[in-house]
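**Q** Pasting a structure below so you can have a look.
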Amino acid sequence: MQTKYPLKIQAIRSKNQQARLYVYFPLPLAAAIGLEAGEEVQWELLDRGELHLVRNQLPQVQATQRAT
């Protein structure tokens, strides 16, 4: 199942500095992969039309229910 989350790239412009581009993660997508605020990630460029987000460290999986 593939779900799409269209978004726009935001540019932040400060005086005497180059513009910075920001990509925001929709909350449902971040929750689905367990992405946390402050987590370090990096982009991997596959080609001009595709990027992969690579997590430096995966968080430990925590069960929401106890198995019986």
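Identifiers in the structure tokens: chain A, B, ... in order shown; residue index from 1 per chain; ligand index from 1 in order shown.
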Using backbone DSSP assignments, extract all strand (DSSP E or B) residues from chain A; output them as a list in words.
**A**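 Here is the list: Gln10, Ala11, Ile12, Arg20, Leu21, Tyr22, Val41, Gln42, Trp43, Glu44, Leu45, Leu46, Asp47, Glu50, Leu51, His52, Leu53, Val54 and Arg55 of chain A.
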**Q** Chain A: which residues are helix (DSSP H, G or I) by DSSP, as number ranges by chain?
**A** A: 27-33
**Q** Take the residues that were just selected and, keeping N, CA and C atoms, output them as a JSON list (two decimals), in the first residue's frame.
**A**
```
[["chain", "number", "residue", "atom", "x", "y", "z"],
["A", 27, "LEU", "N", 2.49, 14.70, 9.59],
["A", 27, "LEU", "CA", 2.46, 13.94, 10.84],
["A", 27, "LEU", "C", 2.05, 12.48, 10.66],
["A", 28, "PRO", "N", 1.06, 12.16, 9.81],
["A", 28, "PRO", "CA", 0.72, 10.74, 9.66],
["A", 28, "PRO", "C", 1.89, 9.92, 9.11],
["A", 29, "LEU", "N", 2.66, 10.50, 8.21],
["A", 29, "LEU", "CA", 3.80, 9.80, 7.65],
["A", 29, "LEU", "C", 4.90, 9.63, 8.70],
["A", 30, "ALA", "N", 5.18, 10.68, 9.44],
["A", 30, "ALA", "CA", 6.19, 10.60, 10.51],
["A", 30, "ALA", "C", 5.78, 9.57, 11.55],
["A", 31, "ALA", "N", 4.50, 9.53, 11.91],
["A", 31, "ALA", "CA", 4.03, 8.57, 12.90],
["A", 31, "ALA", "C", 4.14, 7.14, 12.36],
["A", 32, "ALA", "N", 3.87, 6.96, 11.08],
["A", 32, "ALA", "CA", 3.91, 5.62, 10.49],
["A", 32, "ALA", "C", 5.31, 5.01, 10.54],
["A", 33, "ILE", "N", 6.35, 5.86, 10.44],
["A", 33, "ILE", "CA", 7.72, 5.33, 10.47],
["A", 33, "ILE", "C", 8.40, 5.58, 11.81]]
```
**Q** Might you pull out every residue within 8 Å of Arg55 in chain A, with only C-alpha atoms counted and same-chain residues fewer than 2 positions away left off, and present them as an NGL selection string?
**A** :A and (40-42 or 53 or 57-58)
**Q** Rounded to one decimal place, report the CA of Leu35 in chain A-CA of Gln18 in chain A distance in Å.
**A**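 Result for CA of Leu35 in chain A versus CA of Gln18 in chain A: 28.1 Å, one decimal.
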